[in-house]
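A.B. asks: Structure file upload29.txt (compact mmCIF, N, CA and C atoms) is given on the next line.
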# COMPACT_ATOMS: atom_id res chain seq x y z
N MET R 1 18.35 245.76 171.53
CA MET R 1 19.75 246.11 171.29
C MET R 1 19.86 247.63 171.24
N PRO R 2 20.74 248.20 172.03
CA PRO R 2 20.87 249.66 172.02
C PRO R 2 21.43 250.15 170.70
N ASP R 3 21.08 251.39 170.37
CA ASP R 3 21.58 252.00 169.13
C ASP R 3 23.07 252.25 169.24
N LEU R 4 23.77 251.97 168.15
CA LEU R 4 25.21 252.25 168.10
C LEU R 4 25.44 253.73 167.86
N THR R 5 26.51 254.25 168.43
CA THR R 5 26.94 255.58 168.06
C THR R 5 27.83 255.44 166.83
N LYS R 6 28.13 256.54 166.19
CA LYS R 6 29.03 256.50 165.03
C LYS R 6 30.40 255.99 165.44
N ASN R 7 30.90 256.43 166.59
CA ASN R 7 32.21 255.97 167.07
C ASN R 7 32.20 254.46 167.26
N GLU R 8 31.16 253.94 167.90
CA GLU R 8 31.06 252.49 168.14
C GLU R 8 30.98 251.72 166.83
N ALA R 9 30.27 252.27 165.84
CA ALA R 9 30.14 251.60 164.54
C ALA R 9 31.50 251.53 163.84
N ILE R 10 32.27 252.60 163.91
CA ILE R 10 33.60 252.61 163.29
C ILE R 10 34.51 251.62 163.99
N ILE R 11 34.49 251.62 165.32
CA ILE R 11 35.32 250.69 166.08
C ILE R 11 34.91 249.25 165.77
N ALA R 12 33.62 248.97 165.69
CA ALA R 12 33.14 247.62 165.36
C ALA R 12 33.61 247.20 163.97
N ALA R 13 33.58 248.11 163.00
CA ALA R 13 34.03 247.80 161.65
C ALA R 13 35.53 247.51 161.63
N LEU R 14 36.30 248.30 162.36
CA LEU R 14 37.75 248.07 162.42
C LEU R 14 38.05 246.73 163.10
N GLU R 15 37.35 246.42 164.18
CA GLU R 15 37.54 245.14 164.87
C GLU R 15 37.18 243.97 163.97
N SER R 16 36.08 244.10 163.24
CA SER R 16 35.66 243.00 162.37
C SER R 16 36.63 242.80 161.21
N ALA R 17 37.41 243.84 160.87
CA ALA R 17 38.42 243.72 159.82
C ALA R 17 39.75 243.20 160.39
N GLY R 18 39.78 242.92 161.70
CA GLY R 18 40.96 242.33 162.30
C GLY R 18 41.92 243.30 162.95
N TYR R 19 41.55 244.58 163.03
CA TYR R 19 42.44 245.56 163.64
C TYR R 19 42.31 245.50 165.15
N GLN R 20 43.38 245.90 165.83
CA GLN R 20 43.44 245.83 167.28
C GLN R 20 44.06 247.09 167.83
N GLU R 21 44.15 247.18 169.14
CA GLU R 21 44.73 248.36 169.81
C GLU R 21 44.08 249.65 169.30
N ILE R 22 42.77 249.64 169.16
CA ILE R 22 42.04 250.77 168.60
C ILE R 22 41.87 251.85 169.67
N ARG R 23 42.32 253.05 169.34
CA ARG R 23 42.18 254.20 170.24
C ARG R 23 41.49 255.32 169.49
N LEU R 24 40.72 256.11 170.21
CA LEU R 24 39.97 257.22 169.63
C LEU R 24 40.38 258.52 170.28
N THR R 25 40.64 259.53 169.46
CA THR R 25 40.75 260.89 169.97
C THR R 25 39.58 261.66 169.39
N VAL R 26 38.94 262.46 170.21
CA VAL R 26 37.71 263.12 169.79
C VAL R 26 37.97 264.35 168.93
N VAL R 27 38.97 265.15 169.29
CA VAL R 27 39.29 266.33 168.50
C VAL R 27 40.76 266.25 168.12
N PRO R 28 41.13 266.04 166.87
CA PRO R 28 40.23 265.73 165.77
C PRO R 28 39.66 264.32 165.91
N LYS R 29 38.64 264.01 165.13
CA LYS R 29 38.00 262.70 165.17
C LYS R 29 38.93 261.71 164.49
N ARG R 30 39.78 261.07 165.32
CA ARG R 30 40.83 260.21 164.78
C ARG R 30 40.82 258.87 165.52
N PHE R 31 40.95 257.82 164.73
CA PHE R 31 41.05 256.46 165.26
C PHE R 31 42.45 255.95 164.94
N LEU R 32 43.17 255.49 165.94
CA LEU R 32 44.50 254.90 165.77
C LEU R 32 44.36 253.41 166.04
N PHE R 33 44.97 252.58 165.19
CA PHE R 33 44.83 251.13 165.35
C PHE R 33 45.99 250.42 164.68
N SER R 34 46.08 249.12 164.94
CA SER R 34 47.21 248.32 164.45
C SER R 34 46.70 247.04 163.80
N ASP R 35 47.46 246.57 162.81
CA ASP R 35 47.19 245.25 162.24
C ASP R 35 48.20 244.24 162.76
N GLY R 36 48.98 244.62 163.77
CA GLY R 36 50.01 243.76 164.33
C GLY R 36 51.39 244.07 163.77
N ARG R 37 51.46 244.69 162.60
CA ARG R 37 52.73 245.05 161.98
C ARG R 37 52.95 246.55 161.96
N CYS R 38 51.89 247.30 161.76
CA CYS R 38 52.03 248.75 161.71
C CYS R 38 50.77 249.43 162.23
N HIS R 39 50.94 250.67 162.66
CA HIS R 39 49.82 251.47 163.12
C HIS R 39 49.30 252.29 161.94
N THR R 40 47.99 252.43 161.91
CA THR R 40 47.32 253.20 160.86
C THR R 40 46.41 254.21 161.55
N GLU R 41 46.17 255.32 160.89
CA GLU R 41 45.27 256.35 161.40
C GLU R 41 44.09 256.50 160.46
N LEU R 42 42.93 256.70 161.04
CA LEU R 42 41.72 257.03 160.29
C LEU R 42 41.18 258.31 160.90
N GLU R 43 41.13 259.37 160.09
CA GLU R 43 40.66 260.66 160.59
C GLU R 43 39.53 261.17 159.71
N PHE R 44 38.52 261.74 160.36
CA PHE R 44 37.37 262.31 159.66
C PHE R 44 37.36 263.81 159.88
N SER R 45 37.00 264.57 158.83
CA SER R 45 36.77 266.00 159.05
C SER R 45 35.56 266.13 159.95
N ARG R 46 35.57 267.14 160.79
CA ARG R 46 34.47 267.31 161.75
C ARG R 46 33.13 267.47 161.03
N ASN R 47 33.08 268.28 159.98
CA ASN R 47 31.83 268.50 159.25
C ASN R 47 31.32 267.21 158.63
N TYR R 48 32.22 266.45 157.99
CA TYR R 48 31.79 265.19 157.37
C TYR R 48 31.23 264.24 158.43
N PHE R 49 31.95 264.07 159.53
CA PHE R 49 31.51 263.16 160.57
C PHE R 49 30.17 263.59 161.15
N ASP R 50 30.02 264.87 161.43
CA ASP R 50 28.78 265.37 162.03
C ASP R 50 27.60 265.29 161.07
N ASP R 51 27.84 265.53 159.78
CA ASP R 51 26.75 265.60 158.80
C ASP R 51 26.36 264.25 158.22
N THR R 52 27.19 263.23 158.37
CA THR R 52 26.92 261.91 157.78
C THR R 52 26.09 261.08 158.75
N THR R 53 25.07 260.41 158.24
CA THR R 53 24.24 259.55 159.09
C THR R 53 24.99 258.28 159.45
N LEU R 54 24.55 257.63 160.50
CA LEU R 54 25.16 256.38 160.93
C LEU R 54 25.11 255.34 159.81
N ILE R 55 23.97 255.21 159.15
CA ILE R 55 23.81 254.22 158.06
C ILE R 55 24.77 254.52 156.92
N ALA R 56 24.87 255.78 156.52
CA ALA R 56 25.79 256.17 155.44
C ALA R 56 27.23 255.91 155.84
N LEU R 57 27.56 256.22 157.10
CA LEU R 57 28.92 256.01 157.58
C LEU R 57 29.27 254.52 157.58
N GLN R 58 28.34 253.69 158.02
CA GLN R 58 28.58 252.24 158.00
C GLN R 58 28.79 251.75 156.57
N GLY R 59 28.02 252.26 155.64
CA GLY R 59 28.18 251.89 154.23
C GLY R 59 29.53 252.32 153.69
N GLN R 60 29.93 253.54 154.00
CA GLN R 60 31.23 254.05 153.55
C GLN R 60 32.38 253.23 154.14
N MET R 61 32.24 252.84 155.41
CA MET R 61 33.29 252.02 156.04
C MET R 61 33.49 250.74 155.25
N GLY R 62 32.39 250.04 154.94
CA GLY R 62 32.50 248.76 154.25
C GLY R 62 32.91 248.87 152.80
N GLU R 63 32.39 249.86 152.10
CA GLU R 63 32.61 249.96 150.66
C GLU R 63 33.91 250.68 150.27
N HIS R 64 34.29 251.70 151.04
CA HIS R 64 35.40 252.54 150.60
C HIS R 64 36.53 252.70 151.63
N ILE R 65 36.17 252.95 152.88
CA ILE R 65 37.18 253.30 153.87
C ILE R 65 38.03 252.10 154.26
N LEU R 66 37.42 250.97 154.62
CA LEU R 66 38.22 249.79 154.98
C LEU R 66 39.09 249.30 153.83
N PRO R 67 38.58 249.25 152.58
CA PRO R 67 39.48 248.88 151.48
C PRO R 67 40.66 249.83 151.32
N ALA R 68 40.45 251.14 151.52
CA ALA R 68 41.55 252.10 151.43
C ALA R 68 42.58 251.84 152.53
N ILE R 69 42.09 251.53 153.73
CA ILE R 69 43.00 251.23 154.84
C ILE R 69 43.82 249.99 154.54
N LYS R 70 43.19 248.96 154.01
CA LYS R 70 43.90 247.71 153.71
C LYS R 70 44.94 247.90 152.61
N GLN R 71 44.67 248.79 151.66
CA GLN R 71 45.61 249.05 150.57
C GLN R 71 46.78 249.93 151.00
N GLN R 72 46.61 250.68 152.07
CA GLN R 72 47.64 251.63 152.50
C GLN R 72 47.99 251.44 153.97
N PRO R 73 48.44 250.25 154.38
CA PRO R 73 48.75 250.05 155.80
C PRO R 73 49.86 250.99 156.26
N GLY R 74 49.71 251.47 157.49
CA GLY R 74 50.72 252.36 158.05
C GLY R 74 50.58 253.81 157.63
N LYS R 75 49.55 254.12 156.88
CA LYS R 75 49.33 255.51 156.41
C LYS R 75 48.17 256.12 157.19
N LYS R 76 47.94 257.38 156.95
CA LYS R 76 46.79 258.09 157.50
C LYS R 76 45.73 258.16 156.42
N VAL R 77 44.54 257.69 156.73
CA VAL R 77 43.42 257.76 155.81
C VAL R 77 42.52 258.89 156.31
N TYR R 78 42.38 259.92 155.50
CA TYR R 78 41.59 261.10 155.87
C TYR R 78 40.33 261.13 155.04
N VAL R 79 39.18 261.29 155.71
CA VAL R 79 37.89 261.26 155.03
C VAL R 79 37.17 262.59 155.25
N ASP R 80 36.74 263.19 154.13
CA ASP R 80 35.93 264.40 154.20
C ASP R 80 34.91 264.36 153.08
N ALA R 81 34.17 265.43 152.89
CA ALA R 81 33.10 265.45 151.90
C ALA R 81 33.61 265.23 150.48
N ARG R 82 34.87 265.51 150.22
CA ARG R 82 35.45 265.32 148.87
C ARG R 82 35.87 263.88 148.62
N GLY R 83 35.97 263.08 149.68
CA GLY R 83 36.37 261.69 149.50
C GLY R 83 37.44 261.27 150.49
N ILE R 84 38.29 260.35 150.04
CA ILE R 84 39.32 259.76 150.88
C ILE R 84 40.69 260.20 150.39
N SER R 85 41.53 260.66 151.31
CA SER R 85 42.91 261.03 150.99
C SER R 85 43.84 260.13 151.80
N ILE R 86 44.96 259.77 151.19
CA ILE R 86 45.98 258.98 151.87
C ILE R 86 47.17 259.90 152.14
N ILE R 87 47.57 259.97 153.41
CA ILE R 87 48.62 260.88 153.85
C ILE R 87 49.66 260.07 154.63
N PRO R 88 50.95 260.39 154.52
CA PRO R 88 51.93 259.69 155.37
C PRO R 88 51.54 259.82 156.84
N SER R 89 51.67 258.74 157.57
CA SER R 89 51.28 258.72 158.98
C SER R 89 52.43 259.16 159.88
N THR R 90 52.08 259.67 161.04
CA THR R 90 53.09 260.01 162.03
C THR R 90 53.43 258.80 162.89
N HIS R 91 52.68 257.69 162.73
CA HIS R 91 52.89 256.51 163.58
C HIS R 91 53.64 255.40 162.85
N GLY R 92 53.20 255.00 161.67
CA GLY R 92 53.92 254.04 160.84
C GLY R 92 54.10 252.66 161.43
N ARG R 93 55.20 252.02 161.06
CA ARG R 93 55.45 250.63 161.42
C ARG R 93 55.77 250.50 162.91
N THR R 94 55.35 249.37 163.47
CA THR R 94 55.62 249.13 164.88
C THR R 94 56.86 248.27 165.08
N ASP R 95 57.27 247.57 164.02
CA ASP R 95 58.46 246.72 164.18
C ASP R 95 59.71 247.51 163.80
N LYS R 96 60.84 247.05 164.25
CA LYS R 96 62.10 247.74 163.99
C LYS R 96 62.93 246.91 163.01
N HIS R 97 63.36 247.53 161.93
CA HIS R 97 64.22 246.84 160.94
C HIS R 97 65.61 247.37 161.01
Give the structure from this file in structure tokens form.

C.D. replies:
Amino acid sequence: MPDLTKNEAIIAALESAGYQEIRLTVVPKRFLFSDGRCHTELEFSRNYFDDTTLIALQGQMGEHILPAIKQQPGKKVYVDARGISIIPSTHGRTDKH
């Protein structure tokens, strides 16, 4: 089995959590995805992403990042060395009320 990249590991974690329409922008390191009702953003600071090992990143995804995403649908989840911040998203809900 080939080694996963960090990007592939994040995408796999998002897919396993049921997210779809996953898109990646490299600069900044941002993942855009949908749960079918709203779009959410996951962004990593460049230093955090570069300095964190694949194993640590996978652990953070499962323990902290995915739960934060599930609690704040439609928001931007920003991850850096200080932790996780929730910011209003520029994408938000996909449905029209």

A.B. asks: To one decimal place in Å, what is the distance between atom C of Tyr78 in chain R and atom N of Asp3 in chain R?

C.D. replies: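 Taking atom C of Tyr78 in chain R as the start and atom N of Asp3 in chain R as the end point, the length is 26.5 Å.
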
A.B. asks: Chain R: which residues are alpha helix (DSSP H) by DSSP, as a ChimeraX atom specification?

C.D. replies: /R:6-16,46-51,54-60,66-71

A.B. asks: Here is a test: counting only C-alpha atoms, which residue of R:Leu42, R:Leu54, R:Leu4, R:Leu66 is nearest to Ile22 in chain R?

C.D. replies: R:Leu42

A.B. asks: Between atom N of Ser89 in chain R and atom C of Lys76 in chain R, what is the distance in Å, rounded to a tenth?

C.D. replies: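 Calculated distance between atom N of Ser89 in chain R and atom C of Lys76 in chain R is 6.1 Å.
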
A.B. asks: How would you write as number ranges by chain the residues that get within 8 Å of (47.9, 239.8, 164.2) in the file's frame, counting only N, CA and C atoms?

C.D. replies: R: 18-20, 34-37

A.B. asks: Could you give me, as a ChimeraX atom specification, each residue of range 17-46 of chain R that DSSP assigns to strand (DSSP E or B) when run on this structure's backbone?

C.D. replies: /R:20-25,29-34,38-44

A.B. asks: Please determine, counting only N, CA and C atoms, which residue among R:Ser45, R:Ile11, R:Glu63, R:Asp50 has the shortest atom-to-atom distance to Val79 in chain R.

C.D. replies: R:Ser45

A.B. asks: Could you name the residues that touch Phe49 in chain R at 8 Å or less, counting only N, CA and C atoms, but leaving out those on the same chain fewer than 4 positions away, as a list of chain:residue names?

C.D. replies: R:Lys29, R:Phe44, R:Ser45, R:Thr53, R:Val79, R:Asp80, R:Ala81

A.B. asks: Measuring atom to atom with all atoms listed in the file, identify which of R:Ile69, R:Gly59, R:Cys38, R:Tyr48 is nearest to Arg82 in chain R.

C.D. replies: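 With all atoms listed in the file as the atom set, the closest residue is R:Tyr48.
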
A.B. asks: Would you pick out the contacts of Lys75 in chain R at 8 Å or less, using only C-alpha atoms, so that residues sharing its chain but fewer than 5 positions from it are not included, and give the list as a ChimeraX atom specification?

C.D. replies: /R:39-41,69,86-89,92

A.B. asks: Give me, please, the distance in Å between atom N of Gln58 in chain R and CA of Lys70 in chain R, quoted to one decimal.

C.D. replies: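 Going from atom N of Gln58 in chain R over to CA of Lys70 in chain R covers 17.2 Å.
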